[in-house]
Every structure is written in structure tokens, then in C-alpha cells.
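Encoded as C-alpha cells, the structure appears first; notes follow it.
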Amino acid sequence: MFTKQLATFVQCTNCTFVFINPRPSAAWLAQRYQYYAAAYFTNRSKLASDFQTERYDFELALLPGARGTLLDVGCATGSFVAAARAAGFDARGIDISVESTRYGREVLDLPLDVGDLYDRQYPSETFDVVTLWATLEHLPDPNRFLSEARRLLVPGGRIAFSVPNHASLTQRVLGRRDRYVGIDHVNYFTASTARRILDRHGFSTKTIRTGRFSPVVFWQDLRGRGSDGASVERQLADQRVTDQFKYGQGIVVAARVAHAVVTRVLSAARLGSMLYVVGNR
């Protein structure tokens with residue numbers, strides 16, 4: 001397909017799945033995660049955004065009626081674990097980054113484990129819900145993680161995940177110019193490939209939705225600002241723009257209403273920038 005940030009992007013001719021090949025090494029990924037933990041996830045503005053009370057209302061709304069034990073895979077600082085516990089779940093998290101989880105463990109006393117999900121070896125049928133928010137796109141072997149998630153879920157348990165939507169309006173228009181198409185995302189899912197990978201591991205897909213759209217980021221990338229990928233500084237700037245839309249006052253309120261209408265229209269057409277998927281074991 002193309003090369004960007006020294007990574008080669010390819011597409012399966014049978015299933016249309018897009019991915020980076022060759023895959024990054026485990027050592028490179030570990031180093032990358034540690035860098036992001038120090039520079040991004042524990043940045044003061046990022047922490048303030050992630051621990052906003054309303055931050056995970058959309059994700060929690062994807063789990064109506066769910067209760068009990070919940071494991072958040074790729075939990076970073078534990079912001080979703082905190083939100084899930086506040087919503088009534090007996091929630092814990094796991095992440096490969098020591099630095100990211102340290103904030104949740106030491107500052108907020110959240111039950112966060114450090115390590116690889118597969119190596120951790122939680123007992124089978126331990127959790128009612130397993131979540132992987134913005135995680136599968138980073139994993140060289142997402143099949144391995146989904147297989148382990150199924151083992152950990154009780155019969156009838158739910159799996160929920162989010163990934164960038166490779167069939168979004170943003171991607172259809174921008175292609176390789178999209179700043180979030182880059183070396184940090186090794187897998188690129190659409191609704192059909194997400195459903196297919198869940199089917200492969202014995203899950204029944206219950207919900208597929210799209211959401212989120214940043215007109216500012218879209219405009220910048222349309223003008224070529226995303227050609228070199230998304231640096232930590234740019235991601236933090238994107239997050240600040242998003243937070244202004246979500247929580248700002250004054251004239252921003254009118255802009256937020258208009259933005260919400262656009263986002264709903266895109267979501268209805270499955271053209272939102274993020275893909276949200278829920279399945280049952």
C-alpha cells in the first residue's frame with residue numbers, strides 16, 4: 001500500500017485487514033510504551049482529561065446491565081478502572097507499563113497489575129467483563145489477547161473494545177495523511193474485520209458503533225500536518241482541543257452542539273473516527 005515513518009503498510013487480499021508488516025519487535029514496543037508512559041499518559045493535562053468525571057460515559061453506556069468483576073487491559077494510569085469502580089464494578093486493570101500504572105496504584109490506590117496479560121495467568125472464568133480500550137491497534141498479535149480474554153470471561157461474559165475506525169470519513173478522505181496512521185498503530189480495523197476477529201475466537205458480536213470526530217485535526221491533516229504521524233506533543237494538543245469542545249463554556253457551547261450533530265450523523269453512517277465493539281462469550 002505505502003510506507004510511512006519507515007513502516008510498510010499492507011492489506012490482506014482475502015479479508016481486507018490492514019496492518020504493518022514486518023511487525024515491531026517486543027523489545028521495541030516495550031521501549032515505546034515506557035516512553036509514552038513518561039511523556040504522555042502521566043502528563044498533567046492528560047491526567048486531568050482522563051480523570052474527568054464524564055470521560056468514560058460513552059464506554060460505560062456500551063455495557064448496560066453489566067455488573068460484577070471487570071478487567072481493563074491496557075489500563076495505563078487506571079482512569080477507566082476508576083470510572084468503572086465508581087459505576088459499581090469490581091474493577092481492576094493490567095498494563096505493561098510500570099510508570100503508567102504507578103500513578104493509579106500509588107496516588108489513587110487502584111488495583112492495577114503490571115505485566116503482559118498472557119503471562120499474568122489470571123484464573124479461568126474470573127471476570128464478567130473484559131475491556132480493551134484503544135489497545136488492540138497496538139498489539140503485534142491481537143489474536144493472542146482475544147483468546148486469553150475469552151478464557152478469562154465467565155460464560156455469557158462481555159468483551160468490549162475500541163480501535164480507530166479504518167473505514168471512517170477521516171480515513172476515507174485522508175488516507176496516509178491521517179496523523180493516527182503511523183508506526184504506533186500496527187493494526188487497522190473496520191467493522192467487518194472487527195466482527196471477523198471476534199467470531200474467530202468464539203464471541204458473538206452484540207454491538208458495533210462508531211463515534212468521535214475532530215474537525216480541527218481533520219482540517220490540519222487535510223492540509224498535510226499529519227504526514228509525519230502524531231508526536232506526543234501533537235497528541236496532547238489534540239486532546240486539549242477535544243476537551244475544549246467537551247467541557248468549554250461560552251461560545252464553545254454552540255460549537256459543541258454543532259459538533260455533536262455532525263458526530264451523530266457520522267456515527268449513524270458508521271463513519272466516526274473510533275470503532276466500538278461489544279461481544280458476548
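Every chain in the C-alpha cells has a letter given in the order shown (A, B, ...), and although residue numbers restart at 1 in each chain, ligands are simply numbered from 1 in the order shown.
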
> If we count only C-alpha atoms, what is near A:Thr42 at a cut-off of 9 Å, once residues fewer than 6 positions away on the same chain are taken out, given as a list in words?
Replying inline: Tyr36, Ala76, Thr77, Glu99, Ser100 and Tyr103 of chain A

>> So that I can see what lies close to stretch 215-225 of chain A, please list as a PyMOL selection string the residues with an atom at most 9 Å from it, counting only C-alpha atoms and leaving out residues fewer than 3 positions away in the same chain.
In response: chain A and resi 170+173-174+177-179+228-229+238+241+259

Please produce an output containing C-alpha atoms for each residue in the selection, written as a compact mmCIF listing (two decimals), in the first residue's frame.
# COMPACT_ATOMS: atom_id res chain seq x y z
CA THR A 170 -11.33 10.82 8.16
CA VAL A 173 -10.56 11.27 2.78
CA LEU A 174 -7.07 11.47 4.25
CA ARG A 177 -2.16 11.76 5.63
CA ASP A 178 -4.14 10.82 8.75
CA ARG A 179 -1.80 11.56 11.67
CA ASP A 228 4.80 12.68 9.70
CA GLY A 229 2.47 10.95 12.17
CA ASP A 238 -5.33 17.24 20.06
CA VAL A 241 -8.78 20.79 21.60
CA HIS A 259 -20.14 19.17 16.65

> Of the candidates A:Val181, A:Leu136, A:Leu60, A:Cys75, which shows the shortest atom-to-atom distance to A:Gly104, using only C-alpha atoms?
Replying inline: A:Cys75

> So which residues touch A:Leu132 within 9 Å, counting only C-alpha atoms, skipping near sequence neighbours fewer than 5 positions away, as a list in words?
Replying inline: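 Once the nearby chain positions are removed, what remains is Leu71, Asp72, Val73, Gly74, Cys75, Ile159, Ala160, Phe161, Ser162 and Val163 of chain A.
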
Atoms kept (C-alpha atoms) for selection, written as a compact mmCIF listing (two decimals), in the first residue's frame:
# COMPACT_ATOMS: atom_id res chain seq x y z
CA LEU A 71 -10.62 -6.34 33.88
CA ASP A 72 -9.36 -3.38 31.84
CA VAL A 73 -6.46 -4.49 29.62
CA GLY A 74 -4.05 -1.70 28.67
CA CYS A 75 -5.30 0.36 31.61
CA ILE A 159 -15.83 -8.22 25.92
CA ALA A 160 -15.69 -4.56 24.84
CA PHE A 161 -13.02 -2.76 22.88
CA SER A 162 -12.36 0.38 20.89
CA VAL A 163 -9.98 0.89 17.96

> So how many Å separate atom CA of A:Gln235 and atom CA of A:Arg195, to one decimal?
Replying inline: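 Those two atoms sit 28.3 Å apart.
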
>> I need the residues in stretch 74-166 of chain A that are alpha helix (DSSP H) according to DSSP; give them as a PyMOL selection string.
In response: chain A and resi 79-86+98-102+117-120+142-152

>> Among stretch 50-199 of chain A, which residues does DSSP mark as strand (DSSP E or B) when it is run on the backbone? Keep the chain and numbering as in the structure and answer as a VMD selection string.
In response: chain A and resid 69 to 73 90 to 95 112 to 114 127 to 133 153 to 165 187 to 189

Those residues you just picked out, can you put them in a file as a PDB file, in the first residue's frame with C-alpha atoms?
ATOM      1  CA  THR A  69     -15.832  -8.203  38.051  1.00  0.00           C
ATOM      2  CA  LEU A  70     -14.167  -6.235  35.264  1.00  0.00           C
ATOM      3  CA  LEU A  71     -10.624  -6.339  33.880  1.00  0.00           C
ATOM      4  CA  ASP A  72      -9.355  -3.384  31.836  1.00  0.00           C
ATOM      5  CA  VAL A  73      -6.457  -4.486  29.617  1.00  0.00           C
ATOM      6  CA  ASP A  90     -15.400  -4.621  40.977  1.00  0.00           C
ATOM      7  CA  ALA A  91     -12.776  -3.419  38.510  1.00  0.00           C
ATOM      8  CA  ARG A  92      -9.036  -3.869  38.180  1.00  0.00           C
ATOM      9  CA  GLY A  93      -6.554  -3.194  35.380  1.00  0.00           C
ATOM     10  CA  ILE A  94      -3.377  -4.500  33.819  1.00  0.00           C
ATOM     11  CA  ASP A  95      -0.772  -2.727  31.711  1.00  0.00           C
ATOM     12  CA  LEU A 112      -3.571  -2.203  38.801  1.00  0.00           C
ATOM     13  CA  ASP A 113      -1.274  -5.068  37.816  1.00  0.00           C
ATOM     14  CA  VAL A 114       1.920  -4.690  35.805  1.00  0.00           C
ATOM     15  CA  PHE A 127     -14.231 -11.794  35.046  1.00  0.00           C
ATOM     16  CA  ASP A 128     -17.718 -10.768  33.973  1.00  0.00           C
ATOM     17  CA  VAL A 129     -16.353  -8.075  31.647  1.00  0.00           C
ATOM     18  CA  VAL A 130     -13.017  -7.611  29.866  1.00  0.00           C
ATOM     19  CA  THR A 131     -12.317  -4.245  28.197  1.00  0.00           C
ATOM     20  CA  LEU A 132      -9.549  -3.221  25.815  1.00  0.00           C
ATOM     21  CA  TRP A 133      -9.989   0.480  25.092  1.00  0.00           C
ATOM     22  CA  LEU A 153     -14.528 -14.441  30.919  1.00  0.00           C
ATOM     23  CA  VAL A 154     -17.328 -16.293  32.651  1.00  0.00           C
ATOM     24  CA  PRO A 155     -19.864 -17.962  30.308  1.00  0.00           C
ATOM     25  CA  GLY A 156     -22.017 -15.169  28.918  1.00  0.00           C
ATOM     26  CA  GLY A 157     -19.432 -12.572  29.929  1.00  0.00           C
ATOM     27  CA  ARG A 158     -18.832  -9.484  27.808  1.00  0.00           C
ATOM     28  CA  ILE A 159     -15.833  -8.218  25.917  1.00  0.00           C
ATOM     29  CA  ALA A 160     -15.694  -4.563  24.839  1.00  0.00           C
ATOM     30  CA  PHE A 161     -13.024  -2.759  22.877  1.00  0.00           C
ATOM     31  CA  SER A 162     -12.357   0.379  20.886  1.00  0.00           C
ATOM     32  CA  VAL A 163      -9.975   0.888  17.958  1.00  0.00           C
ATOM     33  CA  PRO A 164      -9.519   3.595  15.321  1.00  0.00           C
ATOM     34  CA  ASN A 165     -12.060   3.084  12.544  1.00  0.00           C
ATOM     35  CA  ASN A 187      -3.440  -2.971  13.168  1.00  0.00           C
ATOM     36  CA  TYR A 188      -6.235  -1.108  11.330  1.00  0.00           C
ATOM     37  CA  PHE A 189      -9.765  -2.416  11.907  1.00  0.00           C
TER      38      PHE A 189
END

>> I need the residue nearest A:Pro140 from this list: A:Ala26, A:Ala37, A:Val277, A:Cys15. Use only C-alpha atoms for the distance.
In response: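 Comparing A:Ala26, A:Ala37, A:Val277, A:Cys15 against A:Pro140, the winner is A:Ala26.
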
> Pick from A:Arg256, A:Arg172, A:Lys46, A:His166: nearest to A:Thr16, with only C-alpha atoms counted?
Replying inline: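 Nearest to A:Thr16: A:His166.
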
> Near A:Ala83, within 10 Å and counting only C-alpha atoms, which residues show up once chain neighbours fewer than 5 positions away are dropped, as a list in words?
Replying inline: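 Those residues are Asp50, Phe51, Gln52, Thr53, Glu54, Arg55, Tyr56, Asp57, Glu59, Leu60, Gly78, Gly88, Phe89 and Ala91 of chain A.
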
>> Given only C-alpha atoms as the basis, pick out the residue of A:Thr205, A:Ser79, A:Gln11, A:Thr101 nearest to A:Ala38.
In response: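 That would be A:Thr101, the residue with the smallest distance to A:Ala38.
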
> So which one's closest to A:Ala237, A:Pro111, A:Leu29, A:Arg281, A:Tyr40? Using only C-alpha atoms, please.
Replying inline: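 Under the stated criterion, the closest residue is A:Tyr40.
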
>> One number please: atom CA of A:Val98 to atom CA of A:Arg32, in Å, one decimal.
In response: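 The value is 12.6 Å.
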
> In terms of the shortest atom-to-atom distance over only C-alpha atoms, which of A:Gln249, A:Asn280, A:Thr242, A:Thr263 is closest to A:Ser49?
Replying inline: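 Closest candidate: A:Thr242.
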
>> as JSON, numbers by chain, please: the residues near stretch 19-25 of chain A (cut-off 12 Å, only C-alpha atoms, same-chain neighbours under 5 positions excluded).
In response: {"A": [1, 2, 3, 4, 5, 6, 7, 8, 9, 10, 11, 12, 13, 30, 31, 32, 136, 137, 138, 139, 140, 141, 142, 166, 181, 182, 183, 184, 185, 186, 187, 188, 189, 190, 193]}

Emit the selected residues as a PDB file, in the first residue's frame, including C-alpha atoms.
ATOM      1  CA  MET A   1       0.000   0.000   0.000  1.00  0.00           C
ATOM      2  CA  PHE A   2       2.507   2.616   1.213  1.00  0.00           C
ATOM      3  CA  THR A   3       5.374   3.352   3.602  1.00  0.00           C
ATOM      4  CA  LYS A   4       5.172   5.896   6.419  1.00  0.00           C
ATOM      5  CA  GLN A   5       7.546   6.512   9.342  1.00  0.00           C
ATOM      6  CA  LEU A   6       9.724   3.696   7.949  1.00  0.00           C
ATOM      7  CA  ALA A   7       6.825   1.228   8.394  1.00  0.00           C
ATOM      8  CA  THR A   8       5.314  -0.713   5.485  1.00  0.00           C
ATOM      9  CA  PHE A   9       1.510  -0.845   5.399  1.00  0.00           C
ATOM     10  CA  VAL A  10      -0.070  -3.857   3.684  1.00  0.00           C
ATOM     11  CA  GLN A  11      -3.588  -5.193   3.140  1.00  0.00           C
ATOM     12  CA  CYS A  12      -4.728  -8.809   3.157  1.00  0.00           C
ATOM     13  CA  THR A  13      -6.158  -9.650  -0.252  1.00  0.00           C
ATOM     14  CA  ALA A  30       8.334  -2.184  25.386  1.00  0.00           C
ATOM     15  CA  GLN A  31      10.658   0.778  24.916  1.00  0.00           C
ATOM     16  CA  ARG A  32       7.910   2.692  23.114  1.00  0.00           C
ATOM     17  CA  LEU A 136      -5.793  -3.860  20.038  1.00  0.00           C
ATOM     18  CA  GLU A 137      -4.375  -1.474  17.422  1.00  0.00           C
ATOM     19  CA  HIS A 138      -1.034  -1.543  19.266  1.00  0.00           C
ATOM     20  CA  LEU A 139      -0.625  -5.321  19.613  1.00  0.00           C
ATOM     21  CA  PRO A 140       1.509  -7.404  17.212  1.00  0.00           C
ATOM     22  CA  ASP A 141      -0.697 -10.420  18.000  1.00  0.00           C
ATOM     23  CA  PRO A 142      -4.267  -9.303  18.835  1.00  0.00           C
ATOM     24  CA  HIS A 166     -10.194   2.447   9.297  1.00  0.00           C
ATOM     25  CA  VAL A 181      -1.928   6.205  10.698  1.00  0.00           C
ATOM     26  CA  GLY A 182       1.628   5.558  11.779  1.00  0.00           C
ATOM     27  CA  ILE A 183       4.124   3.248  13.381  1.00  0.00           C
ATOM     28  CA  ASP A 184       2.413   3.247  16.799  1.00  0.00           C
ATOM     29  CA  HIS A 185      -0.672   1.535  15.358  1.00  0.00           C
ATOM     30  CA  VAL A 186       0.174  -1.841  13.870  1.00  0.00           C
ATOM     31  CA  ASN A 187      -3.440  -2.971  13.168  1.00  0.00           C
ATOM     32  CA  TYR A 188      -6.235  -1.108  11.330  1.00  0.00           C
ATOM     33  CA  PHE A 189      -9.765  -2.416  11.907  1.00  0.00           C
ATOM     34  CA  THR A 190     -13.092  -1.851  10.168  1.00  0.00           C
ATOM     35  CA  THR A 193     -12.683  -7.120  10.305  1.00  0.00           C
TER      36      THR A 193
END

> So what do you get for atom CA of A:Ala255 versus atom CA of A:Ser45, distance-wise?
Replying inline: 22.1 Å
